[in-house]
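Structure file upload-v9.cif with mmCIF, C-alpha atoms:
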data_work
#
loop_
_atom_site.label_atom_id
_atom_site.label_comp_id
_atom_site.auth_asym_id
_atom_site.auth_seq_id
_atom_site.Cartn_x
_atom_site.Cartn_y
_atom_site.Cartn_z
CA MET A 131 26.21 32.78 61.02
CA CYS A 132 23.16 34.06 62.90
CA ARG A 133 21.31 31.74 65.20
CA GLY A 134 17.91 32.46 63.66
CA TRP A 135 19.01 30.97 60.33
CA GLN A 136 20.71 28.03 62.10
CA ASN A 137 17.41 27.00 63.67
CA GLY A 138 16.06 26.35 60.18
CA MET A 139 14.28 27.86 57.22
CA ARG A 140 11.78 26.05 55.00
CA TRP A 141 10.93 26.77 51.43
CA ARG A 142 7.84 25.48 49.67
CA LEU A 143 7.65 25.34 45.85
CA GLY A 144 4.17 24.11 44.92
CA ALA A 145 3.79 20.88 46.83
CA VAL A 146 7.56 20.51 47.46
CA LEU A 147 8.94 21.53 50.87
CA LEU A 148 12.64 22.45 50.83
CA THR A 149 14.40 22.53 54.20
CA ALA A 150 17.81 24.09 54.80
CA SER A 151 19.63 24.13 58.13
CA ALA A 152 21.95 26.90 56.99
CA LEU A 153 22.16 29.25 54.07
CA ALA A 154 25.52 30.76 53.14
CA GLY A 155 25.48 34.52 53.21
CA GLY A 156 22.12 34.63 54.93
CA CYS A 157 23.23 37.02 57.68
CA GLY A 158 24.63 39.43 55.13
CA ALA A 159 21.14 39.94 53.79
CA LEU A 160 19.51 40.23 57.21
CA GLU A 161 19.98 43.39 59.19
CA GLY A 162 19.74 43.16 62.99
CA GLY A 163 20.46 39.42 63.11
CA THR A 164 22.09 37.81 66.17
CA ASP A 165 25.45 36.16 66.43
CA ALA A 166 25.77 32.40 66.24
CA GLY A 167 26.69 32.10 69.91
CA SER A 168 24.09 34.48 71.33
CA ALA A 169 20.97 33.28 72.98
CA GLY A 170 17.61 34.89 72.85
CA PRO A 171 13.93 34.30 73.27
CA GLU A 172 12.22 31.78 70.99
CA PRO A 173 11.64 33.74 67.80
CA ALA A 174 8.28 34.13 66.17
CA ALA A 175 7.63 32.60 62.75
CA GLN A 176 7.22 34.94 59.81
CA GLU A 177 5.78 34.01 56.42
CA TRP A 178 5.39 35.75 53.10
CA GLY A 179 4.52 34.79 49.59
CA GLY A 180 6.90 35.18 46.71
CA ASP A 181 6.32 35.43 42.99
CA GLY A 182 5.68 32.28 41.03
CA GLY A 183 3.75 30.60 43.90
CA ILE A 184 6.77 30.41 46.28
CA THR A 185 5.97 30.65 50.00
CA VAL A 186 8.86 31.26 52.39
CA GLN A 187 8.59 30.50 56.08
CA VAL A 188 11.46 31.64 58.29
CA VAL A 189 11.93 30.84 61.92
CA GLY A 190 13.98 33.72 63.31
CA GLU A 191 13.93 37.36 64.05
CA GLU A 192 12.05 39.86 61.93
CA VAL A 193 13.60 40.41 58.52
CA PRO A 194 13.41 43.66 56.53
CA GLU A 195 11.31 43.73 53.36
CA THR A 196 14.45 44.16 51.25
CA ALA A 197 15.56 40.65 52.18
CA ARG A 198 12.21 38.94 51.65
CA ARG A 199 12.99 36.93 48.56
CA ALA A 200 14.34 33.47 47.90
CA PRO A 201 18.08 33.09 47.37
CA ASP A 202 19.20 32.93 43.75
CA GLU A 203 19.90 29.21 43.86
CA PHE A 204 16.23 28.51 44.66
CA GLN A 205 14.77 30.89 42.11
CA ILE A 206 13.04 29.25 39.14
CA PRO A 207 14.40 30.68 35.87
CA GLU A 208 11.91 32.85 34.09
CA SER A 209 12.24 30.77 30.92
CA GLU A 210 10.96 27.71 32.79
CA THR A 211 7.95 29.30 34.45
CA SER A 212 6.36 31.06 31.47
CA PRO A 213 6.94 31.32 27.73
CA LYS A 214 8.73 34.33 26.37
CA THR A 215 6.30 36.82 24.94
CA ASP A 216 6.31 40.22 23.36
CA ALA A 217 3.62 41.56 25.66
CA ALA A 218 4.24 44.93 27.25
CA PRO A 219 5.00 45.03 31.01
CA GLY A 220 1.85 44.56 33.02
CA GLU A 221 -0.10 43.43 29.97
CA LYS A 222 -1.51 39.91 30.17
CA GLU A 223 -0.47 37.68 27.29
CA GLU A 224 -3.33 35.83 25.65
CA GLU A 225 -3.01 32.14 26.45
CA PRO A 226 -3.16 29.60 23.63
CA PRO A 227 -5.99 27.06 23.75
CA ASP A 228 -5.54 24.02 25.93
CA GLY A 229 -3.66 21.19 24.29
CA ASP A 230 -2.18 23.47 21.60
CA PRO A 231 0.97 25.11 23.07
CA VAL A 232 1.85 26.73 19.73
CA PRO A 233 -1.00 28.21 17.70
CA GLY A 234 -1.43 26.40 14.39
CA LEU A 235 0.52 23.34 15.48
CA GLU A 236 -0.55 20.17 17.21
CA ALA A 237 1.35 17.94 19.57
CA ASP A 238 2.35 14.63 18.05
CA PRO A 239 0.66 11.96 20.25
CA LYS A 240 3.77 9.74 19.95
CA THR A 241 6.63 12.22 20.38
CA GLY A 242 4.93 15.25 21.92
CA ALA A 243 6.60 17.44 19.30
CA ASP A 244 4.69 20.10 17.43
CA GLN A 245 3.58 19.14 13.94
CA ALA A 246 1.68 20.70 11.04
CA PRO A 247 -2.03 21.42 11.56
CA ALA A 248 -4.47 18.63 10.78
CA ALA A 249 -6.99 18.75 7.97
CA GLY A 250 -9.65 21.36 8.54
CA ARG A 251 -7.38 23.68 10.53
CA THR A 252 -5.65 26.78 9.22
CA SER A 253 -2.03 27.69 9.90
CA ASP A 254 -3.02 30.26 12.55
CA GLY A 255 -4.86 27.64 14.57
CA ALA A 256 -8.33 28.70 13.49
CA GLY A 257 -10.93 26.39 12.05
CA ILE A 258 -12.45 23.14 13.16
CA MET A 259 -10.20 20.24 13.94
CA GLU A 260 -10.94 16.92 12.29
CA SER A 261 -12.39 14.71 15.01
CA GLU A 262 -11.02 11.32 15.90
CA GLU A 263 -14.39 9.85 14.97
CA SER A 264 -14.24 11.28 11.46
CA ARG A 265 -10.68 10.04 11.03
CA GLU A 266 -11.68 6.54 12.05
CA THR A 267 -14.63 6.65 9.66
CA GLY A 268 -12.35 7.68 6.84
CA ASP A 269 -9.94 4.89 7.67
CA ALA A 270 -12.72 2.33 7.65
CA GLN A 271 -13.74 3.44 4.19
CA SER A 272 -10.27 3.07 2.73
CA ARG A 273 -9.38 -0.10 0.85
CA LEU A 274 -6.01 -0.59 2.47
CA GLN A 275 -5.70 1.26 5.73
CA GLY A 276 -1.99 0.74 6.27
CA GLU A 277 -0.48 0.07 9.67
CA GLU A 278 -2.39 0.81 12.83
CA ALA A 279 -1.27 -0.06 16.36
CA GLY A 280 1.49 -2.15 14.87
CA ASP A 281 -0.88 -4.35 12.85
CA ARG A 282 -1.00 -4.27 9.05
CA GLU A 283 -4.52 -4.04 7.67
CA ILE A 284 -5.75 -6.86 5.46
CA LEU A 285 -6.29 -6.10 1.79
CA ASP A 286 -9.72 -7.01 0.42
CA PRO A 287 -9.19 -9.13 -2.73
CA ALA A 288 -12.60 -8.08 -4.04
CA LEU A 289 -11.49 -4.47 -4.33
CA VAL A 290 -8.29 -4.80 -6.37
CA TYR A 291 -8.33 -3.71 -10.00
CA PRO A 292 -6.74 -5.17 -13.17
CA GLY A 293 -3.15 -4.15 -13.73
CA GLU A 294 -2.63 -3.10 -10.11
CA ILE A 295 0.67 -3.94 -8.47
CA LEU A 296 0.32 -5.58 -5.06
CA GLU A 297 2.75 -6.02 -2.22
CA GLU A 298 3.72 -9.60 -1.45
CA GLU A 299 2.99 -9.10 2.26
CA ASP A 300 -0.53 -7.88 1.50
CA VAL A 301 -1.20 -10.94 -0.65
CA LYS A 302 0.07 -13.29 2.03
CA LEU A 303 -1.98 -11.66 4.78
CA ALA A 304 -5.18 -11.76 2.73
CA GLY A 305 -4.51 -15.26 1.39
CA GLU A 306 -3.28 -15.61 -2.18
CA GLU A 307 -6.12 -17.90 -3.27
CA GLY A 308 -8.64 -15.15 -2.52
CA PHE A 309 -7.26 -13.14 -5.43
CA PHE A 310 -8.18 -15.87 -7.92
CA ALA A 311 -11.89 -15.53 -8.62
CA ILE A 312 -14.46 -16.64 -11.21
CA ASN A 313 -17.40 -14.31 -11.82
CA PRO A 314 -20.31 -13.98 -14.24
CA ILE A 315 -20.02 -11.35 -16.95
CA ASP A 316 -21.62 -8.31 -15.31
CA ASP A 317 -22.87 -5.26 -17.17
CA TYR A 318 -19.63 -3.33 -16.74
CA ILE A 319 -17.45 -6.12 -18.15
CA PHE A 320 -19.90 -6.81 -20.97
CA GLY A 321 -19.92 -3.11 -21.77
CA ARG A 322 -16.18 -3.36 -22.40
CA MET A 323 -16.60 -6.48 -24.55
CA ASP A 324 -19.68 -5.55 -26.57
CA GLY A 325 -18.71 -4.65 -30.13
CA SER A 326 -15.06 -5.50 -29.42
CA SER A 327 -14.32 -9.10 -28.41
CA TYR A 328 -18.02 -9.96 -28.31
CA ARG A 329 -19.38 -9.23 -31.79
CA GLU A 330 -22.61 -9.88 -33.57
CA GLY A 331 -23.00 -13.51 -34.48
CA CYS A 332 -20.98 -14.89 -31.56
CA PRO A 333 -22.24 -18.45 -30.95
CA VAL A 334 -21.47 -18.31 -27.22
CA ALA A 335 -24.09 -16.77 -24.95
CA ARG A 336 -22.95 -14.14 -22.49
CA GLU A 337 -24.23 -16.37 -19.66
CA ASP A 338 -21.81 -19.11 -20.72
CA LEU A 339 -18.74 -16.90 -20.35
CA ARG A 340 -16.87 -16.17 -17.13
CA TYR A 341 -14.69 -13.29 -15.99
CA LEU A 342 -11.56 -14.32 -14.08
CA LEU A 343 -9.30 -12.26 -11.85
CA ILE A 344 -5.87 -13.76 -11.24
CA LEU A 345 -2.42 -12.76 -9.98
CA HIS A 346 0.80 -13.09 -11.94
CA TYR A 347 4.41 -11.98 -11.80
CA ASP A 348 5.36 -9.54 -14.53
CA PHE A 349 8.80 -9.38 -16.16
CA SER A 350 10.02 -6.97 -13.47
CA GLY A 351 9.07 -9.35 -10.67
CA ASN A 352 6.03 -7.33 -9.57
CA ILE A 353 2.84 -9.03 -8.48
CA ARG A 354 0.05 -7.79 -10.75
CA VAL A 355 -3.68 -8.33 -10.98
CA GLY A 356 -4.66 -9.93 -14.28
CA GLU A 357 -8.04 -10.49 -15.96
CA LEU A 358 -9.37 -12.74 -18.67
CA VAL A 359 -12.65 -14.01 -20.11
CA CYS A 360 -13.15 -17.68 -20.96
CA HIS A 361 -15.90 -20.25 -21.40
CA LYS A 362 -17.40 -21.53 -18.16
CA SER A 363 -16.37 -25.10 -19.05
CA VAL A 364 -12.67 -24.24 -18.71
CA SER A 365 -12.88 -21.55 -16.03
CA GLU A 366 -11.96 -23.77 -13.08
CA ASP A 367 -8.96 -25.19 -14.92
CA MET A 368 -7.83 -21.71 -15.92
CA LYS A 369 -8.07 -20.51 -12.35
CA ARG A 370 -6.12 -23.47 -10.98
CA ILE A 371 -3.39 -23.27 -13.64
CA PHE A 372 -2.80 -19.56 -13.10
CA LEU A 373 -2.68 -20.11 -9.34
CA GLU A 374 0.03 -22.72 -9.81
CA LEU A 375 1.94 -20.44 -12.16
CA TYR A 376 1.72 -17.64 -9.60
CA LYS A 377 3.01 -19.85 -6.80
CA ALA A 378 5.96 -20.80 -9.00
CA GLU A 379 6.55 -17.09 -9.83
CA TYR A 380 6.24 -17.91 -13.51
CA PRO A 381 6.72 -14.66 -15.47
CA ILE A 382 3.84 -13.41 -17.61
CA GLU A 383 4.20 -9.84 -18.78
CA LYS A 384 0.55 -8.83 -19.13
CA VAL A 385 -2.85 -10.44 -18.64
CA ALA A 386 -5.57 -8.08 -19.87
CA LEU A 387 -8.76 -8.33 -21.88
CA VAL A 388 -8.21 -8.04 -25.62
CA ASP A 389 -10.85 -5.31 -25.45
CA ASP A 390 -8.12 -3.00 -24.15
CA TYR A 391 -6.71 -3.34 -27.67
CA GLY A 392 -10.02 -2.80 -29.44
CA GLY A 393 -10.38 -6.54 -30.01
CA ASP A 394 -7.31 -6.44 -32.28
CA ASP A 395 -5.53 -9.74 -31.67
CA ASP A 396 -2.38 -8.73 -33.56
CA TRP A 397 -2.02 -5.54 -31.53
CA SER A 398 -2.52 -7.49 -28.30
CA SER A 399 0.12 -10.05 -29.35
CA ARG A 400 2.63 -7.38 -30.34
CA ASP A 401 2.25 -5.98 -26.85
CA ASN A 402 2.92 -9.48 -25.44
CA ASN A 403 -0.50 -9.56 -23.79
CA THR A 404 -1.85 -12.91 -22.59
CA SER A 405 -5.55 -13.22 -23.46
CA CYS A 406 -8.29 -15.75 -23.98
CA PHE A 407 -11.77 -14.97 -25.39
CA ASN A 408 -12.05 -13.04 -28.63
CA TYR A 409 -14.73 -13.78 -31.21
CA ARG A 410 -12.61 -13.83 -34.38
CA THR A 411 -11.40 -16.03 -37.17
CA VAL A 412 -8.04 -17.71 -37.40
CA ALA A 413 -5.36 -15.32 -38.66
CA GLY A 414 -5.18 -15.50 -42.46
CA SER A 415 -8.37 -17.56 -42.85
CA ASN A 416 -12.13 -17.43 -42.47
CA LYS A 417 -12.32 -20.26 -39.95
CA LEU A 418 -13.62 -19.53 -36.46
CA SER A 419 -10.83 -19.54 -33.92
CA LEU A 420 -11.19 -21.49 -30.67
CA HIS A 421 -10.63 -18.13 -29.00
CA GLY A 422 -14.06 -17.24 -30.38
CA LEU A 423 -15.51 -20.02 -28.21
CA GLY A 424 -13.55 -19.00 -25.12
CA VAL A 425 -11.64 -22.29 -24.84
CA ALA A 426 -8.20 -21.11 -26.02
CA ILE A 427 -5.54 -18.86 -24.54
CA ASP A 428 -2.31 -17.30 -25.85
CA VAL A 429 0.54 -16.92 -23.31
CA ASN A 430 3.43 -14.46 -23.77
CA PRO A 431 2.69 -14.36 -27.53
CA LEU A 432 5.56 -12.11 -28.59
CA TYR A 433 8.14 -14.66 -27.48
CA ASN A 434 6.08 -17.63 -28.66
CA PRO A 435 4.81 -16.71 -32.13
CA TYR A 436 2.39 -18.38 -34.49
CA ILE A 437 4.31 -19.75 -37.51
CA THR A 438 2.86 -21.04 -40.79
CA TRP A 439 4.39 -22.09 -44.10
CA ASN A 440 3.13 -23.15 -47.50
CA GLU A 441 4.27 -25.56 -50.21
CA GLN A 442 6.46 -22.91 -51.74
CA GLY A 443 8.36 -22.67 -48.46
CA GLU A 444 7.05 -19.22 -47.63
CA ILE A 445 6.99 -18.65 -43.89
CA GLN A 446 4.76 -16.25 -42.03
CA CYS A 447 5.03 -15.20 -38.40
CA ALA A 448 2.42 -13.57 -36.18
CA PRO A 449 3.05 -11.21 -34.68
CA GLN A 450 5.73 -10.14 -37.10
CA GLN A 451 7.73 -8.64 -34.21
CA GLY A 452 8.12 -12.20 -32.88
CA ALA A 453 10.24 -13.32 -35.86
CA ALA A 454 13.39 -13.19 -33.74
CA TYR A 455 11.93 -16.03 -31.67
CA MET A 456 10.99 -18.37 -34.51
CA ASP A 457 14.11 -20.50 -34.09
CA ARG A 458 13.18 -22.64 -31.11
CA SER A 459 16.62 -24.19 -30.89
CA LEU A 460 17.87 -20.91 -29.44
CA VAL A 461 17.90 -20.24 -25.71
CA PHE A 462 16.03 -17.09 -24.65
CA PRO A 463 13.76 -16.08 -21.78
CA TYR A 464 9.99 -16.67 -21.75
CA LYS A 465 10.21 -19.46 -24.34
CA ILE A 466 7.50 -22.11 -24.06
CA ASP A 467 8.50 -25.66 -24.93
CA GLU A 468 7.33 -29.13 -23.87
CA ASP A 469 9.36 -28.92 -20.64
CA ASP A 470 8.05 -25.52 -19.67
CA LEU A 471 5.87 -25.42 -16.53
CA CYS A 472 3.07 -23.55 -18.29
CA CYS A 473 2.97 -26.15 -21.06
CA ARG A 474 2.98 -29.06 -18.62
CA LEU A 475 0.15 -27.63 -16.50
CA PHE A 476 -2.14 -27.02 -19.47
CA ILE A 477 -1.49 -30.46 -20.97
CA GLN A 478 -2.19 -32.10 -17.60
CA ALA A 479 -5.53 -30.26 -17.55
CA GLY A 480 -6.51 -31.69 -20.95
CA PHE A 481 -5.48 -28.80 -23.19
CA THR A 482 -3.49 -29.19 -26.38
CA TRP A 483 -0.42 -27.11 -27.13
CA GLY A 484 -0.12 -25.42 -30.49
CA GLY A 485 3.64 -25.92 -30.48
CA SER A 486 3.13 -29.61 -31.24
CA TRP A 487 0.78 -29.23 -34.20
CA GLU A 488 1.54 -30.51 -37.68
CA GLY A 489 1.40 -28.05 -40.54
CA CYS A 490 1.86 -25.01 -38.29
CA ARG A 491 3.34 -24.06 -34.95
CA ASP A 492 1.44 -21.93 -32.48
CA TYR A 493 3.81 -21.81 -29.53
CA MET A 494 1.72 -19.32 -27.56
CA HIS A 495 -1.51 -21.30 -27.87
CA PHE A 496 -3.32 -23.74 -25.54
CA SER A 497 -6.87 -24.91 -26.20
CA ARG A 498 -9.36 -27.47 -24.98
CA GLY A 499 -9.81 -30.01 -27.76
CA TYR A 500 -7.66 -30.52 -30.81
CA ARG A 501 -8.19 -28.10 -33.65
CA PRO A 502 -5.09 -26.70 -35.36
CA GLU A 503 -5.48 -22.97 -35.92
CA GLY A 504 -3.86 -23.25 -39.38
#

Please, can you express the file's structure as structure tokens?
Amino acid sequence: MCRGWQNGMRWRLGAVLLTASALAGGCGALEGGTDAGSAGPEPAAQEWGGDGGITVQVVGEEVPETARRAPDEFQIPESETSPKTDAAPGEKEEEPPDGDPVPGLEADPKTGADQAPAAGRTSDGAGIMESEESRETGDAQSRLQGEEAGDREILDPALVYPGEILEEEDVKLAGEEGFFAINPIDDYIFGRMDGSSYREGCPVAREDLRYLLILHYDFSGNIRVGELVCHKSVSEDMKRIFLELYKAEYPIEKVALVDDYGGDDDWSSRDNNTSCFNYRTVAGSNKLSLHGLGVAIDVNPLYNPYITWNEQGEIQCAPQQGAAYMDRSLVFPYKIDEDDLCCRLFIQAGFTWGGSWEGCRDYMHFSRGYRPEG
């Protein structure tokens, strides 16, 4: 090995200085080099620049131009220094914009991987990117913003809608009691009621009625938002009872205004809808029902029908589809009896249960005050 290479050769790659005391095969590439045992004058340093920002400094005798390149083991592969392009030799490839290594794709801030273009940007990378500020504004305007920085956003109970299914975690984070609310009858709600459940001649003023939002578990175990209208005198009791039923996961299939059924109580009952206010007469009579005063409610009516009979022994059932549940000695789901939680809560609050009346049985029915609906 030649002495000039033994004295040392330094390589610099960017800010990295590589030092080698000997390079195998170095003398084979250098013409006119000296033997390892020969002595000579202190050689002059020579320096040249290589491609890719490599600067080579050699302490030794002059080296021909043909040898002025870094050994293969110190060469940076072409694939690592620049992306492969289809540009012709000598032609400068147009560089993609900063921060967007592949046109039309963006780097995922979490993984660094390319992903589909954001809203407002075309597939070729053109267009205006949606700013972080606009994204944050959009998030702030959403009702439930999802997960952000590992924290789940809190659902606003005031912005849920009747019939909506809620996640149990969202309810717990927001506080379940916040979803049970008593409100005046606003213009929108009254617009639904007017001419349907609230008809001409109703003795109860609109101002004396209240609109309640509650939560309940449906028959599939989902948490749903329910709604009902009742008289203001029973609104607090209704709210408290439904809160207790919710905490106990008591199943109620539907809780919607009877106005969704055109004010048709029979249709609502056939659909097993739990409802309260409806200005109407008692089924099969011309007497005003306590529902018409907003102080009565029917719970899971299909499974707890209204049964009447006359002196001739003729029996009627409403709704007719509930006839299979007339025999209360049978065991079946959603049956209300004196031991049922729903029945016990309403009786404790001063309501009467129609299932205990003489002359008729109204198993679905709870009302403030005693007035048989037969």

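Between atom CA of A:Arg322 and atom CA of A:Asp390 there is a distance of 8.3 Å.
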
For this session: Would you list the contacts of A:Ala479 as a list in words, taking every protein, DNA or RNA residue within 12 Å and counting only C-alpha atoms, but skipping same-chain residues closer than 3 positions in sequence?
Result: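 My reading of the contact set: Val364, Ser365, Glu366, Asp367, Met368, Lys369, Arg370, Ile371, Phe372, Cys472, Cys473, Arg474, Leu475, Phe476, Thr482, Trp483, Phe496, Ser497, Arg498 and Gly499 of chain A.
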
Exercise. Mind pulling up the distance from atom CA of A:Glu299 to atom CA of A:Leu343?
Worked result: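 Computing the Euclidean distance for atom CA of A:Leu343 and atom CA of A:Glu299 yields 19.0 Å.
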
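Going from atom CA of A:Asp394 over to atom CA of A:Tyr409, you cover 10.5 Å.
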
Problem set entry | Selected residue, from A:Leu296, A:Ala448, A:Ala335, A:Val388, that lies nearest to A:Met323 when counting only C-alpha atoms |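 Selected residue with least distance to A:Met323: A:Val388.
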
Problem set entry | Residues within 6 Å of A:His495, only C-alpha atoms, excluding chain neighbours under 6 positions, as a list of chain:residue names | A:Ile427, A:Asp428, A:Trp483, A:Gly484

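Among the candidate residues A:Gly424, A:Gly305, A:Asp401, A:Gly321, the one lying nearest to A:Arg340 is A:Gly424, with distances computed using all atoms listed in the file.
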
Convert the output of the PyMOL selection byres ((chain A and resi 309) around 7) on the shown file into explicit residues, formatted as an mmCIF file with C-alpha atoms, keeping the file's coordinate frame.
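What follows is the written file selection_32.cif:
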data_model
loop_
_atom_site.group_PDB
_atom_site.id
_atom_site.type_symbol
_atom_site.label_atom_id
_atom_site.label_comp_id
_atom_site.auth_asym_id
_atom_site.auth_seq_id
_atom_site.Cartn_x
_atom_site.Cartn_y
_atom_site.Cartn_z
ATOM 1 C CA PRO A 287 -9.190 -9.130 -2.730
ATOM 2 C CA GLU A 306 -3.280 -15.610 -2.180
ATOM 3 C CA GLU A 307 -6.120 -17.900 -3.270
ATOM 4 C CA GLY A 308 -8.640 -15.150 -2.520
ATOM 5 C CA PHE A 310 -8.180 -15.870 -7.920
ATOM 6 C CA ALA A 311 -11.890 -15.530 -8.620
ATOM 7 C CA LEU A 343 -9.300 -12.260 -11.850
ATOM 8 C CA ILE A 344 -5.870 -13.760 -11.240
ATOM 9 C CA LEU A 345 -2.420 -12.760 -9.980
#

Problem set entry | Closest of A:Ile295, A:Leu471, A:Cys332, A:Leu303 to A:Ala378 - atom-to-atom distances counting only C-alpha atoms |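 Among the listed residues, the smallest separation from A:Ala378 belongs to A:Leu471.
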
For this session: Mind checking which residues fall within 6 Å of stretch 288-294 of chain A, counting all atoms listed in the file, ignoring those fewer than 3 positions away in the same chain, and posting them as a PyMOL selection string?
Result: chain A and resi 354-356

Problem set entry | Within 9 Å of A:His346 using all atoms listed in the file, minus same-chain residues under 6 positions, as a list in words |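 Here the qualifying residues turn out to be Asn352, Ile353, Arg354, Val355, Gly356, Phe372, Leu373, Leu375, Tyr376, Lys377, Glu379, Tyr380, Pro381, Ile382, Glu383, Lys384 and Val385 of chain A.
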
Would you export the selected residues with C-alpha atoms as a compact mmCIF listing (two decimals), in the coordinates of the input, please?
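Contents of part19.txt, as written:
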# COMPACT_ATOMS: atom_id res chain seq x y z
CA ASN A 352 6.03 -7.33 -9.57
CA ILE A 353 2.84 -9.03 -8.48
CA ARG A 354 0.05 -7.79 -10.75
CA VAL A 355 -3.68 -8.33 -10.98
CA GLY A 356 -4.66 -9.93 -14.28
CA PHE A 372 -2.80 -19.56 -13.10
CA LEU A 373 -2.68 -20.11 -9.34
CA LEU A 375 1.94 -20.44 -12.16
CA TYR A 376 1.72 -17.64 -9.60
CA LYS A 377 3.01 -19.85 -6.80
CA GLU A 379 6.55 -17.09 -9.83
CA TYR A 380 6.24 -17.91 -13.51
CA PRO A 381 6.72 -14.66 -15.47
CA ILE A 382 3.84 -13.41 -17.61
CA GLU A 383 4.20 -9.84 -18.78
CA LYS A 384 0.55 -8.83 -19.13
CA VAL A 385 -2.85 -10.44 -18.64

For this session: Have a look at A:Thr438, A:Tyr493, A:Asp467, A:Gly422 and name the one nearest to A:Val334; count only C-alpha atoms.
Result: A:Gly422

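Comparing A:Gly489, A:Pro314, A:Pro463, A:Pro431 by their smallest distance to A:Cys360, the closest is A:Pro314 (using all atoms listed in the file).
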
Problem set entry | Selected residue, from A:Leu420, A:Asn440, A:Tyr318, A:Met456, that lies nearest to A:Phe481 when counting all atoms listed in the file | A:Leu420

Exercise. Which polymer residues have any atom within 7 Å of an atom of A:Tyr433, counting only C-alpha atoms, with same-chain residues fewer than 5 positions away left out, as a PyMOL selection string?
Worked result: chain A and resi 452+455+464-465
